[in-house]
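Okay, structure first, notes after.
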Amino acid sequence: MPRQFFPALRGLLVPRSAAPPHPPAETKDLLAGNAYVSMTYAGVTNVWGTPGRADGWDMERVIIEGYERSIWTFKSVEAISKHASTLPIQIGRGGDERRFEETLDSHPLLKLLNKQANPLETGDVFKKRLSAQLLLSKKGVFIEKTYSRGGTLVRLDLLPPDRVQIIPDDRNADYVKHFEFTDYSGHVRELEPRHVIWIRDPHPTDPYCGVTPLEAAGLSIDLDVKARTYNISFIDNDGRPGGIVGIDLDGVDQREVERIQKRLAPGAHNAGQLTLVGTGPGGVTYVDTSARPREMAYETLSSTAKGEILAAFGVPESIVGNASERTYANADREEYQFWDHTELPHLNLIASGFDPDLDDEWIVRFDTSSVQALEFPRRQAREEARKEWEAGLITIDEYREIAGRPAFNVPQSRALWISPQKAPVPANEQDAAALGLGPDPSGGAGMPGAAPTGAPLPEAPAEESAADDVAAARALDTGPNAAADVAAARGQGALHLHALPAGTTAADAVAAARASDAAADLDLARSIQNTGQPGAAAEDVDAARASIETKALPQGDGVEVTDDDFDALSMTVAAAVTALLARQEGVILARLRAPKIRKYTRYWEPENSDDVRHVDADLDQDRVVSAARWAEETSRTLTPILQQAAIATARKVGQALTGTDEVPPSAAAAAIITAAYAGEAITGFLAELADALAAAQHDAEGIADLEDAVTRFYSSAQPALIARVAETCAVATINGAADAAAEHAGPDVVRTWVTRGDTRVRPAHKALHGKTLPVGTPYTVDGATLRYPGDPFAPIALTINCRCRLHYATDKELS
C-alpha cells in the first residue's frame with residue numbers, strides 16, 4: 001500500500017510520533033519576552049510567530065507524496081515553473097509594466113540568470129528549480145551568492161530548504177542574525193545574510209515563514225491519490241464480472257464445477273466477463289454485477305479533487321493540457337487569467353529577491369513582452385480607441401498614447417477628425433491656421449512655412465500680398481501694356497485702374513475690380529470672341545506659338561500632382577522622422593550611461609581600489625551612435641509610408657491617363673529607393689554626432705558632459721534634418737510614382753516640367769520650366785540627366801530642396 005499523504009499537509013509540521021495519541025483540550029500559553037500562542041488541536045501542532053514554525057515541513061515527503069504522485073500537483077507546478085525558466089531576465093528602469101524605458105545590457109545577474117548560474121546549472125534550469133521550490137517549500141527558497149575578490153557576483157546556488165536553519169537576531173533589529181547550512185557531508189556552514197537571497201511567499205503573521213498552495217490543497221491531494229489508489233486496488237483485487245448466469249448443476253461433474261467457479265478468480269483480465277455458476281435444482285437465474293452508484297462516486301471524487309488542486313495553485317485546466325468543452329475565446333481568457341493572476345505575481349516575487357543587488361532606480365524583471373496572452377487587454381483597449389477615433393471622439397495623439405506609441409504632436413494629430421467627412425476640429429488657433437481653417441494668429445503663413453515639428457524651414461524671401469503686387473504694378477511708368485493693346489484692338493480707350501488706398505487687401509482689390517467696368521469689358525471681349533472675327537491679335541498668337549520650341553500644355557489638360565500631395569506626404573514623413581529621432585536620442589543617451597559602454601574607459605566608476613575596469617581611455621563614439629542600425633530602422637519605418645503614397649499617386653495618374661487604376665511595380669520601387677536615401681541621410685547625421693562626441697571628450701569631465709553634448713546636437717541639427725528629409729522624400733516619391741504610372745500608360749504620354757515659380761527655384765530648374773519631352777526620356781541640365789524632379793540617382797545639387805513636378809498629357813491633348 002502506498003504511504004498516506006497527511007491531511008492538508010499540515011501534519012508535516014511535526015513528526016508523526018510527536019503527535020499525542022489522544023487530542024487534549026485546547027491550551028493557550030502567553031510567555032514573557034518573545035510571546036507566542038501554541039495551539040494543539042486534533043493531533044496537529046502549529047506554532048505561531050516563532051522562527052521554527054516551518055522547520056517541521058518535510059520537503060522529501062512533500063516531493064514524493066505530493067509532487068510526484070499527484071498528477072494535478074505535478075502539472076500545476078510544471079505549468080508555473082516552466083514559464084519562469086523560459087522567460088529571460090531584464091534589468092531596467094522607467095517605462096510601463098511590460099517594457100522598460102531603459103535597460104542594462106551588461107550586469108552579472110543577467111549572465112547568471114540567463115546563461116550559467118553555476119557550473120552545474122544553466123540559467124533556465126536554475127530558474128525552473130527556484131520556481132518549483134517556491135511553490136513547494138514552506139520555508140521558501142534560499143540562494144547562496146558567491147562574489148569574486150573584486151566584489152563581482154559570479155555564482156548562484158540553490159540550497160535545499162530543509163538543510164537551512166534561520167538564526168534570528170537576538171535584538172530583533174535585523175530579524176536574521178545568520179543562516180546555518182548543513183551540507184551533504186554533515187558539515188555546518190554559517191552564511192551571512194548578505195550572501196543569501198531568501199525568497200518566500202509571505203505568511204500573513206509570521207515573517208520567518210512562507211506559505212505554499214500545498215497547505216490549502218493537502219486534503220484534496222490526499223483524496224486524489226487515495227481515490228486513484230482505491231480504483232487500482234479494486235481492479236487488481238476484485239475482478240468482478242459483468243454478470244452471472246445461474247444454472248442447475250445436478251449431475252454435473254465436480255471438476256466441471258471447479259472449472260466454472262475459477263471464472264470468478266480476481267484480476268483485471270477477468271473484469272467484465274459473463275460468468276456461469278450453478279444454482280441448484282430447477283431453473284436459471286441472472287445477477288447483474290455492473291457498477292452501482294456507490295462505486296461510481298470515484299468519478300465525482302476525482303473530479304472534485306482535481307478542481308480543488310488546480311484552484312489552489314491558480315492554474316486553469318486548459319493550461320495543463322485539457323481545453324475540451326471550451327471555445328477559443330474561453331481558452332484564451334483562461335490563459336490571460338492564469339498569466340495575470342498567477343504567473344505574473346509569482347514571477348515578480350522571484351525577481352524582487354534580486355533587487356537589493358542593484359541601485360535604487362534599477363529593478364529586475366522577467367521579460368514578458370513576447371507573451372501573447374498578456375496582449376489581450378491592450379488589444380481590447382486599442383480596438384476601442386480605434387473606434388473612438390473613427391467616431392471623432394479622440395485625436396490621433398490620444399490613440400497613440402493608448403497604443404503605447406509616441407505622439408506625433410503636430411496640428412493634424414492633435415485635431416479631432418469628425419466622421420464621416422473627417423473634417424478636422426483644431427485644438428487651438430495655431431493648429432487652426434496650420435490646418436487652413438483660420439487666420440494665422442502670429443501673422444505668418446501657417447503650416448507651409450514651418451516644419452511639422454514647429455521648427456522653421458530654411459528662410460524664404462518674404463512674400464508680398466496680392467494688394468502689394470497690384471500697387472507695385474500701378475506704380476510703374478505708364479506705357480504700352482496688355483490692356484492698352486486690347487483697347488487699341490477694340491478701338492476704345494485704354495483701361496484705367498483706379499488707385500486704392502494703402503493697406504488694401506486682396507479681397508478689397510477684387511471687390512473694387514468687380515465694381516468697375518471690368519465686367520462690361522469682359523462681356524464685350526466674349527462677344528467679340530463669339531463672333532469669330534479674326535484679327536491681328538489672333539495672327540500674332542499663332543505666330544508666337546509656332547516659334548516656341550517646347551510644347552506648352554493648355555490649362556486643365558492632362559494631369560499633374562499638386563502641392564497638396566507633396567505637403568501631405570512631407571508632413572507624414574516629418575512626423576515619423578520626429579518620433580524616430582526622439583527615440584534615437586533617448587537610446588543614445590541610455591547607451592552612454594550603460595556600464596557595458598563605459599567599461600574600460602575613464603568614465604567607469606570603480607567599485608573599489610582593485611577595480612581594473614577604470615582606465616584612461618575615451619569612449620568608442622561609433623559604438624554609442626550605432627549608425628548602421630538607425631539607417632536600417634529609418635528605411636524600415638519610412639518604406640510603408642512612402643509606398644502607400646506612391647501607390648495612391650500612381651493610381652491617380654493612371655486613372656487620368658488610361659482610365660484604370662493599375663499600379664506598376666516600379667511605382668513602389670521609387671518609395672523603396674527614397675526610403676534608402678533617408679537612411680543614408682540619417683547615417684550622415686549620426687556621423688556628425690559621432691564627431692561632436694569625439695570633440696566633446698577632450699574637455700568632458702564626466703558622462704554628464706557627453707550627455708549635454710548629445711542633447712545640444714539634437715536641439716540644433718534636428719529641425720533642419722527633419723525638414724530636408726521630409727521634403728526630399730515627398731518630392732522623390734510622388735514624382736517617381738507619377739512618372740512610373742505615366743510610362744506604364746504608354747508611349748503616347750508626354751510630360752512638361754513645372755516649377756513653383758518663386759525665388760527658391762534654382763536656375764537650372766528655371767531653364768527646364770515648360771519643357772515637354774516624351775515619357776521615358778530624361779531631362780538634361782548642366783551635363784547631368786534627371787528622370788523626374790527629385791530623382792535620387794541625379795546629383796544631389798540638382799535634387800536637394802527641389803519642389804518641382806511634371807505635368808502629364810497625351811499627344812492627342814497637345815495636338
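Naming works like this for the C-alpha cells: A, B, ... for the chains as they're shown, residue 1 at the start of each chain, ligands 1 onward in shown order.
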DSSP helix (DSSP H, G or I) residues within region 637-793 of chain A, as a ChimeraX atom specification: /A:637-658,665-696,703-745,763-766
Fewer than 3 positions away in the same chain doesn't count, so skip those; otherwise give me all residues within 12 Å of Ser148 (chain A), counting only C-alpha atoms, as a list in words. Pro108, Lys145, Gly151, Thr152, Leu153, Val154, Arg155, Asp610 and Asp611 of chain A
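Relative to CA of Asp691 (chain A), CA of Arg583 (chain A) is found at 20.3 Å.
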Excluding region 565-579 of chain A and its own-chain neighbours fewer than 5 positions away, which residues fall within 8 Å of it when counting only C-alpha atoms? Please give them as an MDAnalysis selection string. chainID A and resid 406:410 448 451:453 634 637:638 641:642 645 722:723 725:727 729:731 734
Determine, counting only C-alpha atoms, which protein, DNA and RNA residues have an atom within 7 Å of an atom of region 615-617 of chain A; residues of the same chain fewer than 4 positions away are not included. Present the result as number ranges by chain. A: 600-602
What does the file look like for those residues with C-alpha atoms, as a short mmCIF file (atom, residue, chain, number, x, y, z; two decimals), in the first residue's frame?
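Listed below is the output, selection-v3.cif:
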```
data_model
loop_
_atom_site.label_atom_id
_atom_site.label_comp_id
_atom_site.auth_asym_id
_atom_site.auth_seq_id
_atom_site.Cartn_x
_atom_site.Cartn_y
_atom_site.Cartn_z
CA TYR A 600 37.48 50.07 -19.56
CA THR A 601 37.20 53.85 -20.12
CA ARG A 602 37.86 56.86 -17.93
#
```
Mind dumping a table of every region 663-710 of chain A residue within 12 Å of region 790-797 of chain A, with the nearest atom pair and its distance in Å to one decimal, using only C-alpha atoms, sorted by chain and rising number, as a Markdown table?
```
| residue | atom | partner | partner_atom | distance |
| --- | --- | --- | --- | --- |
| A:Ala669 | CA | A:Pro792 | CA | 11.7 |
| A:Ala670 | CA | A:Pro792 | CA | 8.9 |
| A:Ala671 | CA | A:Pro792 | CA | 10.6 |
| A:Ile672 | CA | A:Pro792 | CA | 11.0 |
| A:Ile673 | CA | A:Pro792 | CA | 7.5 |
| A:Thr674 | CA | A:Pro792 | CA | 6.9 |
| A:Ala675 | CA | A:Pro792 | CA | 10.3 |
| A:Ala676 | CA | A:Pro792 | CA | 9.8 |
| A:Tyr677 | CA | A:Pro792 | CA | 7.4 |
| A:Ala678 | CA | A:Pro792 | CA | 10.4 |
| A:Glu680 | CA | A:Pro792 | CA | 11.6 |
| A:Ala681 | CA | A:Ile796 | CA | 11.8 |
```
Measure the distance from CA of Glu192 (chain A) to CA of Thr146 (chain A) in Å and round it to one decimal. 11.4 Å
